[in-house]
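Trainee: I'd like to ask some things about the structure below.
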Amino acid sequence: MISAVESVDDAVLGFLDKGHTREDFLRVVKTFSELGMTLHPTFVPFTPWTTVDGYLDLLRVIEQQGVIENVAPIQLGIRLLIPAGSRMLELEEVRRLVGPFDPRSLPYPWKNADPRMDALSETVQEIAAAAERQKESRPATFERIWRAAHAAAGLSAPKISPTHTIPGWRSVSQRTLVLLCRADPDQLVSIGAQKPLVKNGRRKR
Amino acid sequence: MELTESFHREFPAVTYDVTIKIEHLLKFEKQLPRSAIPAVSL
């Protein structure tokens with residue numbers, strides 16, 4: 001089961017108007033663990049509001065909740081995509097942040113106020129792409145991202161605890177069915193192969 | 001859920017992914033155990 005968590009920072013979740021909080025996500029993780037079900041959270045870690053501390057916090061949450069195996073590495077390198085017509089542009093703060101619309105690449109370009117974050121997003125995307133080519137395990141890739149993020153913060157990376165794995169969580173396997181359905185008028189449910197909606201390392205909002 | 005359970009009865013070997021918002025996972029929390037039906041990998 002996949003859920004677009006996007007962030008564990010309540011301020012960022014507010015900007016994204018996601019309708020959930022950090023605590024909501026942690027509650028769902030706990031519920032899934034108790035039920036022995038597998039949740040694959042997806043994220044948009046790099047936003048104009050992401051700080052280096054916030055990014056490290058996301059990595060720590062993933063580690064401490066025991067979901068490293070459940071997060072595709074590219075999910076840790078995705079930048080917020082602001083296309084033409086995005087509701088994000090209704091926010092004055094976003095309009096002040098973005099540059100002129102680029103008709104070639106389509107989104108409105110933006111840069112983080114902290115240049116370390118834009119550099120880190122590129123580094124994480126490169127790590128994820130290399131890991132995909134080399135079929136590297138998710139824990140090994142996570143550790144490389146973990147080190148890169150701590151290096152960006154000027155910190156030495158603490159060792160990742162191998163004990164942070166919740167019993168009952170299962171790693172990713174190939175999916176076979178592509179199906180869309182609306183199970184409830186108020187509950188859009190999409191069922192399909194696990195292919196992140198990513199283009200050039202960015203997810204469309 | 002009805003469609004999912006019916007499909008599972010017909011094709012028990014087929015697994016699938018499902019994407020659900022966090023707020024809906026909380027809203028429909030009591031239905032989650034029904035999603036963990038045997039032989040279906042969620």
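In the structure tokens, chains take letters A, B, ... by order of appearance, with residues numbered from 1 within each chain and ligands from 1 in the order shown.
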Would you kindly return, as JSON, numbers by chain, each protein, DNA or RNA residue with an atom no farther than 12 Å from any atom of Ser161 (chain A), considering only C-alpha atoms and excluding same-chain residues fewer than 2 positions away?

Mentor: {"A": [60, 62, 63, 64, 65, 66, 68, 139, 143, 157, 158, 159, 163, 164, 165]}

Trainee: For the residues selected in the previous step, produce a file with N, CA and C atoms as a compact mmCIF listing (two decimals), in the first residue's frame.

Mentor:
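The file below, part-v7.txt, is the result:
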```txt
# COMPACT_ATOMS: atom_id res chain seq x y z
N ARG A 60 15.80 10.47 9.76
CA ARG A 60 15.73 9.83 11.10
C ARG A 60 14.37 9.16 11.31
N ILE A 62 12.41 7.92 9.03
CA ILE A 62 12.40 6.71 8.20
C ILE A 62 13.19 5.60 8.88
N GLU A 63 14.34 5.97 9.45
CA GLU A 63 15.17 4.98 10.13
C GLU A 63 14.47 4.46 11.39
N GLN A 64 13.99 5.40 12.20
CA GLN A 64 13.43 5.01 13.50
C GLN A 64 12.11 4.25 13.37
N GLN A 65 11.38 4.53 12.28
CA GLN A 65 10.11 3.83 12.08
C GLN A 65 10.31 2.49 11.37
N GLY A 66 11.56 2.20 11.00
CA GLY A 66 11.86 0.90 10.41
C GLY A 66 11.32 0.73 9.00
N ILE A 68 13.01 1.83 6.10
CA ILE A 68 14.04 2.06 5.09
C ILE A 68 13.80 1.19 3.86
N PRO A 139 18.82 -0.50 1.96
CA PRO A 139 19.56 -0.05 3.14
C PRO A 139 20.94 0.52 2.81
N GLU A 143 22.02 4.39 3.43
CA GLU A 143 23.20 4.77 4.22
C GLU A 143 24.04 5.80 3.48
N ALA A 157 28.07 11.37 10.40
CA ALA A 157 26.86 10.56 10.35
C ALA A 157 26.90 9.46 11.40
N PRO A 158 25.92 9.43 12.31
CA PRO A 158 25.88 8.33 13.27
C PRO A 158 25.56 7.02 12.57
N LYS A 159 25.90 5.94 13.22
CA LYS A 159 25.65 4.63 12.63
C LYS A 159 24.15 4.35 12.61
N THR A 163 18.68 -2.52 14.21
CA THR A 163 17.53 -3.01 14.97
C THR A 163 16.25 -2.25 14.63
N HIS A 164 16.41 -1.14 13.86
CA HIS A 164 15.24 -0.35 13.54
C HIS A 164 14.44 -0.95 12.40
N THR A 165 13.98 -2.14 12.61
CA THR A 165 13.11 -2.78 11.64
C THR A 165 11.92 -3.35 12.39
```

Trainee: Taking only C-alpha atoms into account, report as an NGL selection string which residues of chain B lie within 7 Å of chain A.

Mentor: :B and (1 or 14-24 or 26 or 33 or 36 or 42)

Trainee: Taking the backbone alone, and naming residues the way the document does, which bits of region 51-186 of chain A are helix (DSSP H, G or I) by DSSP, as a ChimeraX atom specification?

Mentor: /A:52-64,68-70,73-76,87-90,92-97,115-134,138-152

Trainee: Go through A:Ala148, A:Ala153, A:Leu59, A:Val94 one by one, measure the shortest atom-to-atom distance of each to Thr123 (chain A) using only C-alpha atoms, and give the residue with the smallest value.

Mentor: A:Ala148
